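*Asks:* Below is the file run_20.pdb, with PDB, C-alpha atoms, pLDDT in the B column.
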ATOM      1  CA  MET I  12     140.672 111.199  99.245  1.00 41.00           C
ATOM      2  CA  ARG I  13     143.607 112.534  97.271  1.00 47.00           C
ATOM      3  CA  ARG I  14     143.654 112.730  93.503  1.00 50.00           C
ATOM      4  CA  GLY I  15     144.973 109.608  91.780  1.00 49.00           C
ATOM      5  CA  HIS I  16     144.130 107.196  94.593  1.00 52.00           C
ATOM      6  CA  PRO I  17     141.954 104.218  93.554  1.00 54.00           C
ATOM      7  CA  GLY I  18     139.013 105.126  95.778  1.00 62.00           C
ATOM      8  CA  ASN I  19     138.546 108.785  94.914  1.00 76.00           C
ATOM      9  CA  ALA I  20     135.438 110.134  93.216  1.00 76.00           C
ATOM     10  CA  SER I  21     137.125 110.787  89.863  1.00 83.00           C
ATOM     11  CA  GLN I  22     138.339 107.179  89.739  1.00 86.00           C
ATOM     12  CA  MET I  23     134.833 105.965  90.600  1.00 86.00           C
ATOM     13  CA  LEU I  24     133.390 108.152  87.838  1.00 86.00           C
ATOM     14  CA  ARG I  25     135.961 106.783  85.420  1.00 89.00           C
ATOM     15  CA  ARG I  26     135.026 103.197  86.325  1.00 89.00           C
ATOM     16  CA  LEU I  27     131.341 104.100  85.862  1.00 88.00           C
ATOM     17  CA  GLY I  28     132.065 105.616  82.455  1.00 88.00           C
ATOM     18  CA  LEU I  29     134.001 102.539  81.356  1.00 92.00           C
ATOM     19  CA  GLY I  30     131.139 100.268  82.445  1.00 91.00           C
ATOM     20  CA  GLN I  31     133.268  98.603  85.124  1.00 92.00           C
ATOM     21  CA  VAL I  32     130.743  99.627  87.773  1.00 90.00           C
ATOM     22  CA  PRO I  33     127.006  99.541  87.009  1.00 91.00           C
ATOM     23  CA  LEU I  34     125.105 102.771  87.570  1.00 90.00           C
ATOM     24  CA  THR I  35     122.885 101.361  90.337  1.00 91.00           C
ATOM     25  CA  HIS I  36     122.403 101.980  94.035  1.00 90.00           C
ATOM     26  CA  ASP I  37     123.421  98.386  94.775  1.00 87.00           C
ATOM     27  CA  ALA I  38     126.752  98.905  93.004  1.00 89.00           C
ATOM     28  CA  PHE I  39     127.411 102.057  95.048  1.00 87.00           C
ATOM     29  CA  HIS I  40     126.692 100.166  98.270  1.00 85.00           C
ATOM     30  CA  GLU I  41     129.572  97.808  97.466  1.00 84.00           C
ATOM     31  CA  LEU I  42     132.160 100.470  96.545  1.00 84.00           C
ATOM     32  CA  GLN I  43     134.984 101.424  98.887  1.00 83.00           C
ATOM     33  CA  PRO I  44     135.814 103.753 100.462  1.00 83.00           C
ATOM     34  CA  TRP I  45     132.180 104.022 101.408  1.00 81.00           C
ATOM     35  CA  ARG I  46     132.251 107.752 102.229  1.00 85.00           C
ATOM     36  CA  ALA I  47     133.421 108.696  98.729  1.00 87.00           C
ATOM     37  CA  ALA I  48     130.892 106.285  97.214  1.00 87.00           C
ATOM     38  CA  ALA I  49     128.073 107.693  99.368  1.00 87.00           C
ATOM     39  CA  HIS I  50     128.963 111.254  98.416  1.00 88.00           C
ATOM     40  CA  LEU I  51     129.076 110.425  94.715  1.00 89.00           C
ATOM     41  CA  GLU I  52     125.793 108.506  94.989  1.00 90.00           C
ATOM     42  CA  GLU I  53     124.124 111.533  96.612  1.00 90.00           C
ATOM     43  CA  LEU I  54     125.447 113.833  93.860  1.00 90.00           C
ATOM     44  CA  LEU I  55     124.131 111.481  91.173  1.00 91.00           C
ATOM     45  CA  MET I  56     120.733 111.345  92.891  1.00 92.00           C
ATOM     46  CA  ALA I  57     120.607 115.160  93.194  1.00 92.00           C
ATOM     47  CA  SER I  58     121.362 115.525  89.489  1.00 93.00           C
ATOM     48  CA  GLY I  59     118.730 112.938  88.518  1.00 92.00           C
ATOM     49  CA  VAL I  60     121.212 110.391  87.134  1.00 91.00           C
ATOM     50  CA  LEU I  61     120.236 107.909  89.856  1.00 91.00           C
ATOM     51  CA  PRO I  62     116.688 107.684  91.207  1.00 91.00           C
ATOM     52  CA  ALA I  63     116.187 109.252  94.632  1.00 88.00           C
ATOM     53  CA  ALA I  64     116.593 106.915  97.598  1.00 88.00           C
ATOM     54  CA  ASP I  65     116.537 107.493 101.336  1.00 90.00           C
ATOM     55  CA  LYS I  66     120.079 108.116 102.584  1.00 88.00           C
ATOM     56  CA  TYR I  67     119.569 106.034 105.731  1.00 92.00           C
ATOM     57  CA  ILE I  68     118.321 103.068 103.730  1.00 93.00           C
ATOM     58  CA  CYS I  69     121.404 103.481 101.529  1.00 90.00           C
ATOM     59  CA  SER I  70     123.535 103.627 104.684  1.00 90.00           C
ATOM     60  CA  PHE I  71     122.003 100.377 105.948  1.00 94.00           C
ATOM     61  CA  GLN I  72     122.576  98.722 102.572  1.00 91.00           C
ATOM     62  CA  ARG I  73     126.237  99.802 102.663  1.00 88.00           C
ATOM     63  CA  TRP I  74     126.613  98.402 106.196  1.00 92.00           C
ATOM     64  CA  LEU I  75     124.941  95.047 105.543  1.00 93.00           C
ATOM     65  CA  PRO I  76     127.551  93.396 103.243  1.00 89.00           C
ATOM     66  CA  GLY I  77     130.287  94.035 105.811  1.00 89.00           C
ATOM     67  CA  HIS I  78     128.187  92.439 108.539  1.00 95.00           C
ATOM     68  CA  LEU I  79     127.319  89.479 106.325  1.00 95.00           C
ATOM     69  CA  ALA I  80     131.003  88.976 105.486  1.00 92.00           C
ATOM     70  CA  GLY I  81     131.644  88.304 109.174  1.00 95.00           C
ATOM     71  CA  ILE I  82     129.186  85.392 109.364  1.00 97.00           C
ATOM     72  CA  ALA I  83     131.139  82.160 108.935  1.00 95.00           C
ATOM     73  CA  GLU I  84     128.328  79.595 109.176  1.00 95.00           C
ATOM     74  CA  PRO I  85     126.668  79.245 105.724  1.00 96.00           C
ATOM     75  CA  GLU I  86     123.231  78.443 107.147  1.00 96.00           C
ATOM     76  CA  HIS I  87     123.364  81.480 109.442  1.00 97.00           C
ATOM     77  CA  LEU I  88     124.451  83.657 106.514  1.00 97.00           C
ATOM     78  CA  LYS I  89     121.497  82.439 104.451  1.00 97.00           C
ATOM     79  CA  THR I  90     119.059  83.052 107.312  1.00 97.00           C
ATOM     80  CA  ILE I  91     120.346  86.573 108.036  1.00 98.00           C
ATOM     81  CA  LYS I  92     120.306  87.497 104.322  1.00 97.00           C
ATOM     82  CA  LEU I  93     116.689  86.343 104.092  1.00 97.00           C
ATOM     83  CA  PHE I  94     115.767  88.238 107.272  1.00 98.00           C
ATOM     84  CA  ALA I  95     117.392  91.422 105.957  1.00 97.00           C
ATOM     85  CA  THR I  96     115.873  91.075 102.488  1.00 95.00           C
ATOM     86  CA  TRP I  97     112.322  90.077 103.411  1.00 97.00           C
ATOM     87  CA  ARG I  98     111.782  91.695 106.809  1.00 97.00           C
ATOM     88  CA  VAL I  99     114.165  94.496 107.726  1.00 97.00           C
ATOM     89  CA  LEU I 100     114.601  96.265 104.365  1.00 95.00           C
ATOM     90  CA  PRO I 101     110.876  96.178 103.467  1.00 96.00           C
ATOM     91  CA  HIS I 102     110.078  97.633 106.888  1.00 96.00           C
ATOM     92  CA  LEU I 103     112.585 100.462 106.325  1.00 95.00           C
ATOM     93  CA  ARG I 104     111.155 101.175 102.869  1.00 93.00           C
ATOM     94  CA  GLU I 105     107.600 101.148 104.241  1.00 95.00           C
ATOM     95  CA  ARG I 106     108.645 103.590 106.932  1.00 94.00           C
ATOM     96  CA  ALA I 107     110.351 105.843 104.364  1.00 92.00           C
ATOM     97  CA  ASP I 108     107.118 105.926 102.346  1.00 91.00           C
ATOM     98  CA  ARG I 109     105.121 107.050 105.410  1.00 92.00           C
ATOM     99  CA  SER I 110     107.612 109.473 106.958  1.00 90.00           C
ATOM    100  CA  ARG I 111     111.305 110.166 107.061  1.00 89.00           C
ATOM    101  CA  ILE I 112     113.880 107.714 108.336  1.00 92.00           C
ATOM    102  CA  THR I 113     116.011 108.934 111.231  1.00 94.00           C
ATOM    103  CA  PRO I 114     119.464 107.786 112.330  1.00 94.00           C
ATOM    104  CA  SER I 115     117.881 105.912 115.250  1.00 96.00           C
ATOM    105  CA  ILE I 116     115.524 104.006 112.934  1.00 96.00           C
ATOM    106  CA  ARG I 117     118.494 103.059 110.745  1.00 96.00           C
ATOM    107  CA  GLY I 118     120.416 102.040 113.861  1.00 96.00           C
ATOM    108  CA  PHE I 119     117.530  99.883 115.052  1.00 97.00           C
ATOM    109  CA  ALA I 120     117.492  98.067 111.688  1.00 97.00           C
ATOM    110  CA  ALA I 121     121.203  97.244 112.072  1.00 97.00           C
ATOM    111  CA  GLU I 122     120.607  96.212 115.671  1.00 98.00           C
ATOM    112  CA  GLN I 123     117.916  93.751 114.557  1.00 98.00           C
ATOM    113  CA  ILE I 124     120.396  92.113 112.185  1.00 98.00           C
ATOM    114  CA  THR I 125     123.164  92.099 114.803  1.00 98.00           C
ATOM    115  CA  CYS I 126     120.887  90.570 117.458  1.00 97.00           C
ATOM    116  CA  ALA I 127     119.532  87.940 115.069  1.00 97.00           C
ATOM    117  CA  THR I 128     123.120  86.977 114.185  1.00 98.00           C
ATOM    118  CA  ALA I 129     124.081  86.757 117.863  1.00 97.00           C
ATOM    119  CA  PHE I 130     120.978  84.643 118.552  1.00 95.00           C
ATOM    120  CA  LEU I 131     121.912  82.164 115.811  1.00 95.00           C
ATOM    121  CA  GLN I 132     125.458  81.957 117.204  1.00 95.00           C
ATOM    122  CA  TRP I 133     124.063  81.417 120.703  1.00 94.00           C
ATOM    123  CA  LEU I 134     121.851  78.605 119.421  1.00 92.00           C
ATOM    124  CA  SER I 135     124.865  76.986 117.730  1.00 93.00           C
ATOM    125  CA  ALA I 136     126.818  77.128 120.982  1.00 92.00           C
ATOM    126  CA  ARG I 137     123.928  75.184 122.563  1.00 89.00           C
ATOM    127  CA  ASN I 138     124.048  72.662 119.683  1.00 90.00           C
ATOM    128  CA  SER I 139     120.642  73.857 118.558  1.00 89.00           C
ATOM    129  CA  THR I 140     119.161  75.412 115.425  1.00 89.00           C
ATOM    130  CA  LEU I 141     116.081  77.457 114.607  1.00 89.00           C
ATOM    131  CA  ALA I 142     114.430  74.267 113.344  1.00 89.00           C
ATOM    132  CA  SER I 143     115.137  72.417 116.598  1.00 89.00           C
ATOM    133  CA  LEU I 144     114.423  75.366 118.894  1.00 86.00           C
ATOM    134  CA  GLY I 145     112.548  74.116 121.937  1.00 85.00           C
ATOM    135  CA  GLN I 146     111.075  75.383 125.156  1.00 87.00           C
ATOM    136  CA  LEU I 147     114.362  74.825 127.025  1.00 85.00           C
ATOM    137  CA  ASP I 148     116.121  77.149 124.564  1.00 83.00           C
ATOM    138  CA  ILE I 149     113.395  79.757 124.939  1.00 83.00           C
ATOM    139  CA  ASP I 150     113.557  79.517 128.737  1.00 86.00           C
ATOM    140  CA  ALA I 151     117.361  79.915 128.665  1.00 84.00           C
TER
END
Can you give me the file's structure in the form of structure tokens?

*Replies:*
Amino acid sequence: MRRGHPGNASQMLRRLGLGQVPLTHDAFHELQPWRAAAHLEELLMASGVLPAADKYICSFQRWLPGHLAGIAEPEHLKTIKLFATWRVLPHLRERADRSRITPSIRGFAAEQITCATAFLQWLSARNSTLASLGQLDIDA
């Protein structure tokens, strides 16, 4: 990004220095443009300013808010957030502790979220919910 534009690395550093952006991984996952934010996050990790984190987990965490923003139904949004927070992310972190994460593992994590979202939308189209899920829904 060119110098002076709001999303370039120097502007992000300035906002960090002024305390407008917290110095956390979560804050970097919300910044746009994501490529500049990811690059700056990696530089800060390499220099020890931010604790090391797996780049594919960071990539997933940058992707997730955009996906969540596209979910209109509040109950679906809540369910998908819980699924991501308590199932998908812990599984990725567990995997990163055992071995390295690959692009396909990161892609599978996003696919799980995408499929779960589609499933909830499909249930809604059938005038059903997870709570009322029955054998007819499973058979369909």

*Asks:* Convert the output of the PyMOL selection byres ((chain I and resi 72) around 10) on the shown file into explicit residues, formatted as an MDAnalysis selection string.

*Replies:* chainID I and resid 36:37 39:41 66:71 73:77 95 100 121

*Asks:* Would you be able to write out as a count of residues only which residues have an atom within 10 Å of (131.2, 102.7, 89.9) in the file's coordinates, counting all atoms listed in the file?

*Replies:* 25

*Asks:* Measure the distance from atom CA of I:Leu131 to atom CA of I:Thr90 in Å and round it to one decimal.

*Replies:*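 So the answer is 9.0 Å.
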
*Asks:* Quick one: distance from atom CA of I:His78 to atom CA of I:Leu134 in Å, one decimal?

*Replies:*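 Pair atom CA of I:His78 / atom CA of I:Leu134 returns 18.7 Å.
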
*Asks:* In Å, how far is it from atom CA of I:Ala129 to atom CA of I:Pro114?

*Replies:*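 Atom CA of I:Pro114 lies 22.2 Å from atom CA of I:Ala129.
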
*Asks:* Please identify all polymer residues within 12 Å of I:Leu144, counting all atoms listed in the file, omitting same-chain residues fewer than 4 positions from it, and present them as a list in words.

*Replies:*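 In the requested format, the answer is Phe130, Leu131, Trp133, Leu134, Ser135, Arg137, Asn138, Ser139, Thr140, Asp148, Ile149, Asp150 and Ala151 of chain I.
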
*Asks:* Which is closest to I:Ala142 among I:Gly81, I:Glu86, I:Asn19, I:Trp97, if we use only C-alpha atoms?

*Replies:*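 Of the candidates, the smallest distance to I:Ala142 is held by I:Glu86.
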
*Asks:* How big is the axis-aligned box around the listed atoms of stretch 62-78 of chain I once 6 Å is added on each side, and where is its centre? Give both in Å to one decimal, as JSON.

*Replies:*
{"center_x": 123.2, "center_y": 100.8, "center_z": 99.9, "size_x": 26.1, "size_y": 28.8, "size_z": 29.3}

*Asks:* Have a look at I:Ala83, I:Gly118, I:Leu147, I:Pro101 and name the one nearest to I:Gln132; count only C-alpha atoms.

*Replies:*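 Nearest to I:Gln132: I:Ala83.
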
*Asks:* How would you write, as a PyMOL selection string, the residues chosen by the PyMOL selection byres ((chain I and resi 112) around 8) on this structure?

*Replies:* chain I and resi 65+67-68+103+106-107+110-111+113-114+116-117
